[in-house]
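Peer 1: Supplied structure: start36.csv, CSV, C-alpha atoms.
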chain,number,residue,atom,x,y,z
A,1,MET,CA,-59.1,57.0,-16.1
A,2,ALA,CA,-58.8,56.0,-19.6
A,3,LYS,CA,-59.3,52.3,-20.1
A,4,LEU,CA,-56.2,50.6,-21.5
A,5,LYS,CA,-57.1,48.9,-24.6
A,6,MET,CA,-55.4,45.5,-24.9
A,7,ALA,CA,-54.2,44.5,-28.3
A,8,ARG,CA,-55.5,41.1,-29.1
A,9,LYS,CA,-52.5,39.0,-29.6
A,10,SER,CA,-52.2,35.4,-30.7
A,11,THR,CA,-51.0,33.0,-28.0
A,12,PHE,CA,-49.0,31.2,-30.5
A,13,VAL,CA,-45.3,31.5,-29.8
A,14,ASP,CA,-42.9,30.9,-32.6
A,15,MET,CA,-41.0,27.8,-31.6
A,16,THR,CA,-38.5,27.8,-34.5
A,17,ALA,CA,-35.8,29.6,-32.6
A,18,MET,CA,-36.1,27.3,-29.6
A,19,CYS,CA,-36.1,24.3,-31.9
A,20,ASP,CA,-32.9,25.6,-33.5
A,21,VAL,CA,-31.2,25.9,-30.1
A,22,ALA,CA,-32.4,22.5,-29.0
A,23,PHE,CA,-31.0,20.8,-32.0
A,24,LEU,CA,-27.8,22.8,-31.9
A,25,LEU,CA,-27.2,21.6,-28.3
A,26,LEU,CA,-28.2,18.1,-29.3
A,27,THR,CA,-25.7,18.0,-32.1
A,28,PHE,CA,-23.0,19.2,-29.7
A,29,PHE,CA,-23.7,16.6,-27.2
A,30,ILE,CA,-23.9,13.8,-29.8
A,31,LEU,CA,-20.5,14.8,-31.1
A,32,ALA,CA,-19.0,15.3,-27.7
A,33,THR,CA,-20.2,11.9,-26.3
A,34,LYS,CA,-17.9,9.1,-26.2
A,35,ILE,CA,-19.8,6.0,-25.1
A,36,LYS,CA,-18.0,4.7,-22.0
A,37,PRO,CA,-16.7,1.2,-22.5
A,38,PRO,CA,-18.1,-1.1,-19.9
A,39,GLU,CA,-15.7,-1.6,-17.0
A,40,ALA,CA,-15.1,-4.6,-14.9
A,41,VAL,CA,-15.1,-2.5,-11.7
A,42,GLU,CA,-16.2,1.0,-10.9
A,43,VAL,CA,-13.2,3.2,-10.1
A,44,ARG,CA,-13.5,6.8,-9.1
A,45,THR,CA,-10.1,8.3,-10.0
A,46,PRO,CA,-8.6,11.2,-8.2
A,47,ALA,CA,-8.2,14.6,-10.0
A,48,SER,CA,-5.0,16.2,-11.0
A,49,THR,CA,-3.9,19.2,-13.1
A,50,SER,CA,-2.0,17.0,-15.4
A,51,THR,CA,-2.7,17.5,-19.1
A,52,THR,CA,-0.8,14.5,-20.5
A,53,GLN,CA,-2.7,12.3,-22.8
A,54,ILE,CA,-3.0,8.7,-21.9
A,55,PRO,CA,-0.3,6.8,-23.8
A,56,ASP,CA,-1.3,4.5,-26.6
A,57,ASN,CA,0.1,1.2,-25.6
A,58,PHE,CA,-0.2,0.5,-22.0
A,59,MET,CA,-1.2,-2.1,-19.5
A,60,LEU,CA,-3.9,-1.0,-17.1
A,61,MET,CA,-4.0,-2.0,-13.5
A,62,SER,CA,-7.3,-1.0,-11.9
A,63,LEU,CA,-7.5,-0.8,-8.1
A,64,SER,CA,-10.9,-0.9,-6.5
A,65,LYS,CA,-11.9,0.9,-3.3
A,66,ASP,CA,-11.4,-2.3,-1.3
A,67,GLY,CA,-8.0,-3.1,-2.7
A,68,ARG,CA,-8.9,-5.6,-5.5
A,69,VAL,CA,-6.6,-5.5,-8.5
A,70,TYR,CA,-7.7,-6.0,-12.1
A,71,PHE,CA,-5.4,-6.2,-15.1
A,72,ASN,CA,-6.2,-5.3,-18.6
A,73,ILE,CA,-4.6,-4.6,-22.0
A,74,GLU,CA,-6.6,-3.3,-24.9
A,75,ASN,CA,-4.8,-4.4,-28.0
A,76,LEU,CA,-6.4,-7.7,-29.2
A,77,ASN,CA,-3.2,-9.1,-30.7
A,78,ALA,CA,-1.3,-8.5,-27.5
A,79,ARG,CA,-4.2,-10.1,-25.5
A,80,GLU,CA,-3.9,-13.2,-27.7
A,81,ALA,CA,-0.2,-13.4,-27.3
A,82,LEU,CA,-0.5,-12.9,-23.6
A,83,ILE,CA,-3.1,-15.6,-23.0
A,84,ASN,CA,-1.2,-18.1,-25.1
A,85,TYR,CA,2.0,-17.4,-23.2
A,86,LEU,CA,0.2,-17.8,-19.8
A,87,ASN,CA,-1.6,-20.9,-21.0
A,88,GLU,CA,1.7,-22.5,-21.8
A,89,ASN,CA,3.8,-21.3,-18.9
A,90,LYS,CA,1.2,-21.5,-16.1
A,91,GLY,CA,-0.4,-24.8,-17.4
A,92,LEU,CA,-3.9,-23.3,-17.4
A,93,GLY,CA,-5.2,-25.9,-19.9
A,94,LEU,CA,-7.5,-23.5,-21.7
A,95,THR,CA,-9.5,-24.6,-24.7
A,96,ALA,CA,-9.7,-22.6,-27.9
A,97,LYS,CA,-13.1,-21.2,-26.9
A,98,GLU,CA,-11.7,-20.0,-23.5
A,99,ILE,CA,-8.8,-18.3,-25.3
A,100,GLN,CA,-11.3,-16.6,-27.6
A,101,ASN,CA,-13.3,-15.6,-24.5
A,102,PHE,CA,-10.2,-14.0,-23.0
A,103,LYS,CA,-9.7,-11.9,-26.1
A,104,GLU,CA,-13.3,-10.6,-25.7
A,105,ALA,CA,-13.2,-10.2,-22.0
A,106,ASN,CA,-12.7,-7.1,-20.0
A,107,SER,CA,-10.3,-6.5,-17.2
A,108,ILE,CA,-9.2,-9.7,-15.5
A,109,GLY,CA,-9.6,-9.8,-11.7
A,110,VAL,CA,-9.2,-13.5,-10.8
A,111,PRO,CA,-6.2,-15.6,-9.7
A,112,PHE,CA,-4.7,-18.0,-12.2
A,113,ASN,CA,-6.3,-21.0,-10.6
A,114,GLN,CA,-9.8,-19.5,-11.2
A,115,LEU,CA,-9.0,-18.2,-14.7
A,116,LYS,CA,-10.2,-21.3,-16.6
A,117,SER,CA,-13.6,-21.4,-14.8
A,118,TYR,CA,-14.0,-17.7,-15.1
A,119,LEU,CA,-13.5,-17.8,-18.9
A,120,ASP,CA,-16.0,-20.7,-19.1
A,121,LEU,CA,-18.8,-18.3,-18.0
A,122,SER,CA,-21.0,-16.5,-20.5
A,123,VAL,CA,-20.5,-12.8,-21.1
A,124,ALA,CA,-23.4,-11.8,-18.8
A,125,ASP,CA,-22.2,-14.1,-16.0
A,126,ARG,CA,-18.7,-12.7,-16.4
A,127,THR,CA,-20.0,-9.2,-16.0
A,128,LYS,CA,-21.9,-10.2,-12.9
A,129,PHE,CA,-18.9,-12.0,-11.5
A,130,ASP,CA,-16.5,-9.0,-12.2
A,131,LYS,CA,-18.4,-7.0,-9.6
A,132,LYS,CA,-17.3,-9.3,-6.8
A,133,ALA,CA,-14.2,-10.9,-8.4
A,134,PRO,CA,-11.5,-11.7,-5.8
A,135,GLY,CA,-8.9,-9.6,-7.7
A,136,ILE,CA,-5.4,-10.7,-8.8
A,137,PRO,CA,-3.3,-11.7,-5.8
A,138,VAL,CA,-0.6,-9.1,-5.1
A,139,ASP,CA,1.8,-8.6,-2.3
A,140,THR,CA,4.9,-6.6,-1.5
A,141,THR,CA,7.4,-9.3,-2.7
A,142,GLY,CA,8.7,-9.9,-6.2
A,143,ASN,CA,7.8,-13.6,-5.9
A,144,PHE,CA,6.0,-14.7,-9.1
A,145,GLU,CA,4.2,-17.5,-7.3
A,146,THR,CA,2.4,-15.5,-4.6
A,147,ASN,CA,2.4,-12.1,-6.4
A,148,GLU,CA,0.5,-13.0,-9.5
A,149,LEU,CA,0.3,-9.4,-10.6
A,150,ALA,CA,4.0,-9.4,-10.9
A,151,TYR,CA,3.7,-12.4,-13.3
A,152,TRP,CA,1.1,-10.6,-15.4
A,153,ILE,CA,3.3,-7.6,-15.7
A,154,ARG,CA,6.5,-9.5,-16.5
A,155,ALA,CA,4.7,-11.6,-19.1
A,156,THR,CA,3.2,-8.6,-20.8
A,157,ARG,CA,6.5,-6.7,-20.8
A,158,MET,CA,8.3,-9.7,-22.2
A,159,LEU,CA,5.9,-9.9,-25.1
A,160,ASN,CA,5.6,-6.2,-25.5
A,161,PRO,CA,8.7,-4.4,-24.2
A,162,ASP,CA,7.4,-1.0,-25.2
A,163,TYR,CA,4.3,-1.1,-23.1
A,164,LEU,CA,3.9,1.5,-20.5
A,165,ILE,CA,2.2,1.2,-17.1
A,166,ALA,CA,-1.0,2.9,-16.2
A,167,ILE,CA,-2.6,2.6,-12.7
A,168,LYS,CA,-6.2,3.5,-12.3
A,169,ALA,CA,-6.6,3.6,-8.6
A,170,ASP,CA,-9.8,4.5,-6.7
A,171,GLY,CA,-9.3,7.7,-4.7
A,172,ALA,CA,-10.8,6.1,-1.6
A,173,ALA,CA,-8.4,3.1,-1.8
A,174,ALA,CA,-6.1,3.0,1.2
A,175,TYR,CA,-2.4,3.8,0.6
A,176,PRO,CA,-1.1,0.3,1.5
A,177,TYR,CA,-3.0,-1.2,-1.6
A,178,VAL,CA,-1.3,1.3,-3.9
A,179,LYS,CA,2.0,0.7,-2.2
A,180,LYS,CA,1.7,-3.0,-3.0
A,181,ILE,CA,1.4,-2.2,-6.7
A,182,ILE,CA,4.2,0.4,-6.6
A,183,GLY,CA,6.3,-2.2,-4.8
A,184,THR,CA,5.6,-4.9,-7.3
A,185,LEU,CA,6.6,-2.5,-10.1
A,186,GLY,CA,9.8,-1.6,-8.1
A,187,HIS,CA,10.8,-5.2,-7.9
A,188,GLN,CA,10.8,-5.3,-11.7
A,189,LYS,CA,12.8,-2.1,-11.9
A,190,ILE,CA,9.9,-0.1,-13.1
A,191,TYR,CA,10.1,3.3,-11.5
A,192,ARG,CA,8.2,5.4,-14.0
A,193,PHE,CA,4.5,4.9,-14.5
A,194,ASN,CA,1.3,6.8,-15.0
A,195,PHE,CA,-1.7,7.3,-12.8
A,196,ILE,CA,-5.0,7.8,-14.6
A,197,THR,CA,-6.7,10.9,-13.2
A,198,GLU,CA,-9.6,13.2,-13.9
A,199,SER,CA,-8.5,16.6,-15.0
A,200,LYS,CA,-9.0,19.7,-13.0
A,201,GLY,CA,-8.2,23.3,-13.5
A,202,ILE,CA,-4.9,24.9,-12.6
A,203,PRO,CA,-5.3,27.2,-9.6
A,204,PRO,CA,-4.7,30.8,-10.8
A,205,GLY,CA,-1.6,32.6,-9.5
A,206,SER,CA,0.3,29.4,-8.6
A,207,PRO,CA,3.8,28.8,-9.9
A,208,LEU,CA,2.4,26.2,-12.4
A,209,ALA,CA,0.0,28.8,-13.8
A,210,GLN,CA,2.9,31.2,-14.2
A,211,GLU,CA,5.0,28.6,-15.9
A,212,ARG,CA,2.2,27.8,-18.4
A,213,ALA,CA,1.6,31.5,-19.1
A,214,GLU,CA,5.3,32.0,-19.9
A,215,LYS,CA,5.2,29.0,-22.2
A,216,ILE,CA,2.2,30.4,-24.1
A,217,LYS,CA,4.0,33.7,-24.3
A,218,LYS,CA,7.0,32.1,-25.9
A,219,GLY,CA,4.8,30.2,-28.3
A,220,ILE,CA,5.4,26.7,-26.9
A,221,VAL,CA,2.1,25.0,-27.1
A,222,GLU,CA,1.8,21.7,-25.4
B,223,MET,CA,-51.0,40.7,-44.7
B,224,GLU,CA,-53.5,37.9,-44.9
B,225,VAL,CA,-52.7,34.6,-46.4
B,226,LYS,CA,-54.9,34.0,-49.3
B,227,GLY,CA,-56.1,30.8,-50.7
B,228,GLY,CA,-56.8,27.6,-48.9
B,229,LYS,CA,-53.2,26.4,-48.9
B,230,GLY,CA,-53.3,25.7,-45.2
B,231,SER,CA,-51.3,27.7,-42.6
B,232,PRO,CA,-47.6,27.8,-43.2
B,233,ARG,CA,-47.0,27.6,-39.5
B,234,VAL,CA,-46.2,24.2,-38.1
B,235,ASP,CA,-46.5,23.7,-34.4
B,236,LEU,CA,-42.9,22.9,-33.4
B,237,THR,CA,-43.6,22.3,-29.7
B,238,PRO,CA,-43.4,18.5,-29.9
B,239,MET,CA,-40.2,18.7,-31.9
B,240,VAL,CA,-38.7,21.0,-29.2
B,241,ASP,CA,-39.8,18.5,-26.6
B,242,LEU,CA,-38.1,15.7,-28.4
B,243,GLY,CA,-35.0,17.8,-28.9
B,244,PHE,CA,-34.6,18.6,-25.2
B,245,LEU,CA,-35.4,15.0,-24.2
B,246,LEU,CA,-32.5,13.8,-26.4
B,247,ILE,CA,-30.3,16.6,-25.0
B,248,THR,CA,-31.0,15.4,-21.5
B,249,PHE,CA,-30.1,11.9,-22.5
B,250,PHE,CA,-26.8,12.8,-24.1
B,251,MET,CA,-25.9,15.2,-21.3
B,252,PHE,CA,-26.2,12.4,-18.8
B,253,THR,CA,-24.3,9.9,-20.9
B,254,THR,CA,-21.5,12.2,-21.8
B,255,THR,CA,-18.2,12.0,-20.0
B,256,MET,CA,-17.0,15.5,-20.5
B,257,SER,CA,-13.6,15.4,-19.1
B,258,LYS,CA,-11.3,12.9,-20.7
B,259,PRO,CA,-9.2,11.1,-18.2
B,260,LYS,CA,-5.5,12.2,-18.2
B,261,ALA,CA,-2.3,10.5,-17.3
B,262,MET,CA,-0.2,11.7,-14.5
B,263,GLN,CA,3.4,10.5,-14.8
B,264,ILE,CA,5.3,9.9,-11.7
B,265,GLN,CA,8.9,8.9,-11.2
B,266,MET,CA,9.8,6.8,-8.1
B,267,PRO,CA,13.3,7.0,-6.6
B,268,TYR,CA,15.6,4.3,-7.8
B,269,ASP,CA,16.3,1.7,-5.1
B,270,ASP,CA,19.5,0.3,-6.4
B,271,PRO,CA,21.5,-1.6,-3.8
B,272,GLU,CA,24.6,-1.3,-6.1
B,273,LEU,CA,24.6,2.4,-5.9
B,274,LYS,CA,27.5,3.7,-3.8
B,275,LYS,CA,27.0,6.1,-1.1
B,276,GLU,CA,28.9,8.8,-2.9
B,277,GLN,CA,26.6,8.6,-5.9
B,278,LYS,CA,23.6,9.2,-3.9
B,279,SER,CA,22.5,12.8,-3.6
B,280,GLU,CA,22.3,14.1,0.0
B,281,VAL,CA,19.5,16.2,1.0
B,282,LYS,CA,20.5,19.4,2.8
B,283,GLU,CA,18.8,20.1,6.1
B,284,SER,CA,17.9,23.6,5.3
B,285,THR,CA,16.1,22.8,2.0
B,286,ALA,CA,14.4,19.6,3.1
B,287,MET,CA,10.7,19.4,3.9
B,288,THR,CA,8.8,16.3,4.8
B,289,ILE,CA,5.1,15.8,4.2
B,290,LEU,CA,3.3,13.1,6.1
B,291,LEU,CA,-0.1,11.9,4.9
B,292,SER,CA,-2.4,10.5,7.6
B,293,LYS,CA,-6.0,9.7,8.2
B,294,ASP,CA,-8.9,11.9,7.3
B,295,ASN,CA,-6.9,13.6,4.5
B,296,ARG,CA,-4.7,15.2,7.1
B,297,ILE,CA,-1.3,16.5,6.1
B,298,TYR,CA,1.5,16.9,8.7
B,299,TYR,CA,4.7,18.6,7.6
B,300,TYR,CA,7.9,19.6,9.1
B,301,PHE,CA,11.1,21.2,7.8
B,302,GLY,CA,14.3,19.4,7.9
B,303,ILE,CA,15.1,15.7,7.5
B,304,GLY,CA,13.9,14.7,10.9
B,305,ASN,CA,16.0,11.6,11.4
B,306,ASP,CA,17.0,12.4,14.9
B,307,PRO,CA,14.6,11.1,17.5
B,308,GLU,CA,16.3,13.1,20.2
B,309,LYS,CA,15.3,16.4,18.6
B,310,PRO,CA,11.9,15.9,17.2
B,311,PRO,CA,10.9,18.5,14.7
B,312,LYS,CA,7.7,20.5,15.2
B,313,LEU,CA,4.9,18.9,13.2
B,314,GLU,CA,2.3,21.3,11.7
B,315,LEU,CA,-1.1,20.2,10.6
B,316,THR,CA,-2.5,21.5,7.3
B,317,THR,CA,-5.0,20.5,4.6
B,318,PHE,CA,-5.5,20.5,0.9
B,319,LYS,CA,-7.4,23.7,0.9
B,320,ASP,CA,-6.6,26.3,-1.7
B,321,LYS,CA,-6.1,29.0,0.9
B,322,ASP,CA,-3.6,28.5,3.8
B,323,GLY,CA,-3.2,24.9,2.8
B,324,ILE,CA,-0.1,22.9,1.9
B,325,ARG,CA,0.3,24.9,-1.2
B,326,ASP,CA,1.0,28.2,0.6
B,327,VAL,CA,3.3,26.4,3.0
B,328,ILE,CA,5.4,25.1,0.1
B,329,ILE,CA,5.4,28.5,-1.7
B,330,ASN,CA,6.5,30.2,1.5
B,331,LYS,CA,9.3,27.7,2.0
B,332,LYS,CA,10.5,28.2,-1.5
B,333,LYS,CA,10.6,32.0,-1.0
B,334,GLU,CA,12.5,31.5,2.3
B,335,ILE,CA,15.1,29.4,0.7
B,336,GLN,CA,15.5,31.9,-2.1
B,337,SER,CA,16.1,34.7,0.5
B,338,LEU,CA,18.6,32.5,2.4
B,339,ILE,CA,20.5,32.0,-0.8
B,340,ALA,CA,20.4,35.7,-1.5
B,341,ALA,CA,21.7,36.4,1.9
B,342,GLY,CA,24.7,34.1,1.2
B,343,THR,CA,24.0,31.5,3.9
B,344,PRO,CA,26.9,29.1,4.1
B,345,GLY,CA,26.3,25.6,2.8
B,346,LEU,CA,23.7,26.7,0.2
B,347,ASP,CA,24.4,27.0,-3.5
B,348,ALA,CA,22.7,29.3,-5.9
B,349,ASP,CA,20.9,26.4,-7.6
B,350,ASP,CA,19.6,24.8,-4.4
B,351,ASN,CA,15.9,24.5,-4.1
B,352,ILE,CA,13.3,22.8,-1.9
B,353,THR,CA,13.4,19.0,-1.7
B,354,VAL,CA,10.2,17.4,-0.5
B,355,MET,CA,9.8,13.9,0.8
B,356,ILE,CA,6.4,12.5,0.8
B,357,LYS,CA,5.5,9.8,3.2
B,358,ALA,CA,2.1,8.2,3.6
B,359,ASP,CA,1.0,6.1,6.5
B,360,ASP,CA,-1.4,3.2,6.3
B,361,LYS,CA,-4.5,5.3,6.9
B,362,ALA,CA,-3.9,7.7,3.9
B,363,THR,CA,-5.8,7.2,0.7
B,364,THR,CA,-4.9,7.3,-3.0
B,365,ASP,CA,-6.6,10.7,-3.1
B,366,ASP,CA,-4.1,12.1,-0.6
B,367,LEU,CA,-1.1,10.7,-2.6
B,368,ILE,CA,-2.3,12.0,-5.9
B,369,GLY,CA,-3.4,15.3,-4.3
B,370,VAL,CA,0.0,15.9,-2.8
B,371,LEU,CA,1.9,14.9,-6.0
B,372,ASP,CA,-0.3,17.3,-7.9
B,373,GLU,CA,0.6,20.0,-5.4
B,374,MET,CA,4.2,19.4,-6.3
B,375,THR,CA,3.4,20.1,-9.9
B,376,ILE,CA,1.3,23.1,-9.0
B,377,THR,CA,4.0,24.7,-6.8
B,378,ALA,CA,6.8,23.6,-9.3
B,379,VAL,CA,8.9,21.7,-6.7
B,380,PRO,CA,11.8,20.4,-8.8
B,381,VAL,CA,12.8,17.5,-6.5
B,382,TYR,CA,10.4,15.3,-4.6
B,383,ALA,CA,10.2,11.7,-3.8
B,384,VAL,CA,7.6,9.3,-2.4
B,385,VAL,CA,9.4,7.3,0.2
B,386,ASP,CA,8.3,4.7,2.9
B,387,ILE,CA,7.3,6.1,6.2
B,388,THR,CA,9.7,5.5,9.0
B,389,PRO,CA,8.8,4.4,12.6
B,390,VAL,CA,10.2,7.7,13.8
B,391,ASP,CA,7.7,9.6,11.6
B,392,LEU,CA,4.9,7.4,12.9
B,393,GLU,CA,5.9,8.3,16.4
B,394,PHE,CA,5.9,12.0,15.5
B,395,ILE,CA,2.4,11.7,14.2
B,396,SER,CA,1.1,9.8,17.3
B,397,LYS,CA,2.8,12.3,19.6
B,398,THR,CA,1.3,15.2,17.8
B,399,GLU,CA,-2.1,13.6,17.9
B,400,GLN,CA,-1.8,13.0,21.7
B,401,ALA,CA,-0.7,16.5,22.2
B,402,SER,CA,-3.9,17.8,20.5
B,403,GLY,CA,-6.0,15.6,22.8
B,404,GLU,CA,-6.6,12.6,20.5
B,405,GLN,CA,-6.2,9.0,21.5
Spit out the file's structure as structure tokens when you get a sec.
Peer 2:
Amino acid sequence: MAKLKMARKSTFVDMTAMCDVAFLLLTFFILATKIKPPEAVEVRTPASTSTTQIPDNFMLMSLSKDGRVYFNIENLNAREALINYLNENKGLGLTAKEIQNFKEANSIGVPFNQLKSYLDLSVADRTKFDKKAPGIPVDTTGNFETNELAYWIRATRMLNPDYLIAIKADGAAAYPYVKKIIGTLGHQKIYRFNFITESKGIPPGSPLAQERAEKIKKGIVE
Amino acid sequence: MEVKGGKGSPRVDLTPMVDLGFLLITFFMFTTTMSKPKAMQIQMPYDDPELKKEQKSEVKESTAMTILLSKDNRIYYYFGIGNDPEKPPKLELTTFKDKDGIRDVIINKKKEIQSLIAAGTPGLDADDNITVMIKADDKATTDDLIGVLDEMTITAVPVYAVVDITPVDLEFISKTEQASGEQ
């Protein structure tokens, strides 16, 4: 049998192509990344097929797994107006520094009577406290004394009438907790609001998929 | 061809650079939140005490369907309004599965109503369609509520409402659970 003569090859592999791919992917991920803003409480939202964008001006109510409610608005001017209004009408007696802290703070999850001491904390302590914050008191009535969430909503809407409502509820939160928030909104004649959800694909063959296909055929792009 | 002259090899070892590249990719992959959160708009029924009875729209028995959400992501459903405790409707149990789940139930019911209209059943108008009432008990979760509302969108149900569960419905659930050998 003839002996196979092996060609002597260099063991050096050209890495240029691999390097190109690596950096192409790297560029993609850098551009696609949106650094998550720190959140007061971890919420795992349910998924839906909705493709609606989150509205620009909204008040966000976060509901944790164990039923604690946090309230947040993002616009800094609106935050300042809100805390000044609350300070005056709820007699919180906040100092200028505490008001500044509120502007910089995250979602608020404390009752009004703890708000002052909460805003006294340093940023690091606040972040720590947020994890086990008691949450804003909420019940099924429209009473502004016991249902403090109702007061937050009313104050925000009074100052910013065009603000929409967004609820970011944890998927594992029991229905009665959500019902409390929906009930609170109902007492203020708010019947239209948004749930923040993860997006998921539309099941093929369903009526919704057909509807979408027809829209695309007609040239209506959402 | 041989490289002549002592200008050094033009080949640079890129292995460390590739290593670095992939390390950074891994980092960005983990920090990236790929899917942007979306908003799901829902409209609750108006609860206006000043609304007169004539102004309220009545749900027809033949087009109505009630979905009850209960513990362990269970879905019970029955057809009709089910407000008569003397004649309890037959509760069926289903799930959120893609196949043979609540989706197929709704789609089949829609087809049934369409054929009833085509057959000229009295009391049904041509534009009548399925009306779904969603009721969740205290053991249901937000996942269930969002999931079932999403099914309404997927199956293109024109009229649906989230309403409070009634004691009659709770009784239906517990009776069904007992019948299937649960406490």
Peer 1: Any idea what the distance is between atom CA of B:Asp326 and atom CA of B:Asp347?
Peer 2: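 The value is 23.8 Å.
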Peer 1: Please, what distance in Å, to one decimal, runs between atom CA of A:Phe193 and atom CA of B:Pro267?
Peer 2: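 We find that atom CA of A:Phe193 and atom CA of B:Pro267 lie 12.0 Å from each other.
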Peer 1: Ranking A:Ala124, A:Leu164, A:Ile216, A:Leu26 by minimum distance to A:Arg192 and counting all atoms listed in the file, which one comes first?
Peer 2: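 Closest candidate: A:Leu164.
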Peer 1: Check every residue of chain A for an atom within 8 Å of chain B, counting all atoms listed in the file, and provide those that qualify as a VMD selection string.
Peer 2: chain A and resid 15 to 16 18 to 19 22 to 23 25 to 26 29 to 30 32 to 36 46 to 55 166 169 to 176 178 186 191 to 199 202 to 203 206 to 209
Peer 1: If you measure from atom CA of B:Val381 to atom CA of B:Asn351, what distance in Å do you get, rounded to one decimal?
Peer 2: 8.0 Å
Peer 1: Closest to B:Leu315 among B:Gly342, B:Ile335, B:Pro232, B:Thr398, using only C-alpha atoms?
Peer 2: B:Thr398
Peer 1: So that I can see what lies close to A:Lys116, please list as a list in words the residues with an atom at most 10 Å from it, counting all atoms listed in the file and leaving out residues fewer than 2 positions away in the same chain.
Peer 2: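 The contact residues come out as Asn87, Leu92, Gly93, Leu94, Thr95, Glu98, Ile99, Phe102, Val110, Pro111, Phe112, Asn113, Gln114, Tyr118, Leu119, Asp120 and Leu121 of chain A.
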Peer 1: For A:Asn57, work out the shell of residues within 9 Å, counting all atoms listed in the file and skipping chain neighbours fewer than 6 positions away, then give it as a PDB file with C-alpha atoms, in the coordinates of the input.
Peer 2:
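Listing of around_36.pdb after writing:
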ATOM      1  CA  ILE A  73      -4.600  -4.600 -22.000  1.00  0.00           C
ATOM      2  CA  GLU A  74      -6.600  -3.300 -24.900  1.00  0.00           C
ATOM      3  CA  ASN A  75      -4.800  -4.400 -28.000  1.00  0.00           C
ATOM      4  CA  ASP A 162       7.400  -1.000 -25.200  1.00  0.00           C
ATOM      5  CA  TYR A 163       4.300  -1.100 -23.100  1.00  0.00           C
ATOM      6  CA  LEU A 164       3.900   1.500 -20.500  1.00  0.00           C
ATOM      7  CA  ILE A 165       2.200   1.200 -17.100  1.00  0.00           C
TER       8      ILE A 165
END
Peer 1: Determine, for each residue of stretch 68-122 of chain A having at least one atom at most 8 Å from an atom of stretch 128-145 of chain A, the closest pair of atoms and their separation in Å to one decimal, counting all atoms listed in the file; order by chain and ascending number, as CSV.
Peer 2:
residue,atom,partner,partner_atom,distance
A:Arg68,CA,A:Gly135,CA,4.6
A:Val69,CA,A:Gly135,CA,4.8
A:Tyr70,CA,A:Gly135,CA,5.8
A:Phe71,CA,A:Ile136,CA,7.7
A:Ile108,CA,A:Ile136,CA,7.8
A:Gly109,CA,A:Gly135,CA,4.1
A:Val110,CA,A:Gly135,CA,5.0
A:Pro111,CA,A:Ile136,CA,5.0
Peer 1: Which residues, written as a ChimeraX atom specification, have at least one atom at most 10 Å from B:Leu346, with all atoms listed in the file counted and residues fewer than 6 positions away on the same chain left out?
Peer 2: /B:282,284-285,335-336,338-340
Peer 1: Give me the residues within 12 Å of A:Met158 as a list in words, counting all atoms listed in the file and dropping any in the same chain fewer than 6 places off.
Peer 2: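 Final neighbour list, sorted by chain and number: Ala78, Ala81, Leu82, Tyr85, Leu86, Tyr151, Trp152 and Gln188 of chain A.
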Peer 1: I need the residue nearest B:Glu283 from this list: B:Ile352, B:Val327, B:Ile297, B:Val384. Use all atoms listed in the file for the distance.
Peer 2: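 Of all the options, B:Ile352 lies closest to B:Glu283.
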Peer 1: I need the residue nearest B:Ala401 from this list: B:Glu314, B:Asp322, B:Glu334, B:Asp349. Use all atoms listed in the file for the distance.
Peer 2: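 Distance minimum relative to B:Ala401 lands on B:Glu314.
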Peer 1: When you count all atoms listed in the file, which of these residues is closest to B:Ile289: B:Ser402, B:Thr353, B:Thr343, B:Ser337?
Peer 2: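 Looking at the shortest contact to B:Ile289, the residue is B:Thr353.
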Peer 1: Complete the atom set of stretch 340-348 of chain B to N, CA and C atoms and return it as a PDB file, in the frame of the given file.
Peer 2:
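Writing the result to selection-v6.pdb gives the following:
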ATOM      1  N   ALA B 340      20.059  34.305  -1.242  1.00  0.00           N
ATOM      2  CA  ALA B 340      20.400  35.700  -1.500  1.00  0.00           C
ATOM      3  C   ALA B 340      21.247  36.311  -0.429  1.00  0.00           C
ATOM      4  N   ALA B 341      20.997  35.879   0.805  1.00  0.00           N
ATOM      5  CA  ALA B 341      21.700  36.400   1.900  1.00  0.00           C
ATOM      6  C   ALA B 341      23.107  35.722   2.087  1.00  0.00           C
ATOM      7  N   GLY B 342      23.365  34.755   1.237  1.00  0.00           N
ATOM      8  CA  GLY B 342      24.700  34.100   1.200  1.00  0.00           C
ATOM      9  C   GLY B 342      24.888  33.186   2.438  1.00  0.00           C
ATOM     10  N   THR B 343      23.874  32.437   2.798  1.00  0.00           N
ATOM     11  CA  THR B 343      24.000  31.500   3.900  1.00  0.00           C
ATOM     12  C   THR B 343      24.998  30.398   3.535  1.00  0.00           C
ATOM     13  N   PRO B 344      25.946  30.117   4.422  1.00  0.00           N
ATOM     14  CA  PRO B 344      26.900  29.100   4.100  1.00  0.00           C
ATOM     15  C   PRO B 344      26.261  27.713   3.919  1.00  0.00           C
ATOM     16  N   GLY B 345      26.810  26.940   2.987  1.00  0.00           N
ATOM     17  CA  GLY B 345      26.300  25.600   2.800  1.00  0.00           C
ATOM     18  C   GLY B 345      25.182  25.554   1.712  1.00  0.00           C
ATOM     19  N   LEU B 346      24.754  26.709   1.244  1.00  0.00           N
ATOM     20  CA  LEU B 346      23.700  26.700   0.200  1.00  0.00           C
ATOM     21  C   LEU B 346      24.284  27.236  -1.098  1.00  0.00           C
ATOM     22  N   ASP B 347      24.014  26.527  -2.161  1.00  0.00           N
ATOM     23  CA  ASP B 347      24.400  27.000  -3.500  1.00  0.00           C
ATOM     24  C   ASP B 347      23.300  27.717  -4.150  1.00  0.00           C
ATOM     25  N   ALA B 348      23.670  28.430  -5.206  1.00  0.00           N
ATOM     26  CA  ALA B 348      22.700  29.300  -5.900  1.00  0.00           C
ATOM     27  C   ALA B 348      21.555  28.433  -6.503  1.00  0.00           C
TER      28      ALA B 348
END
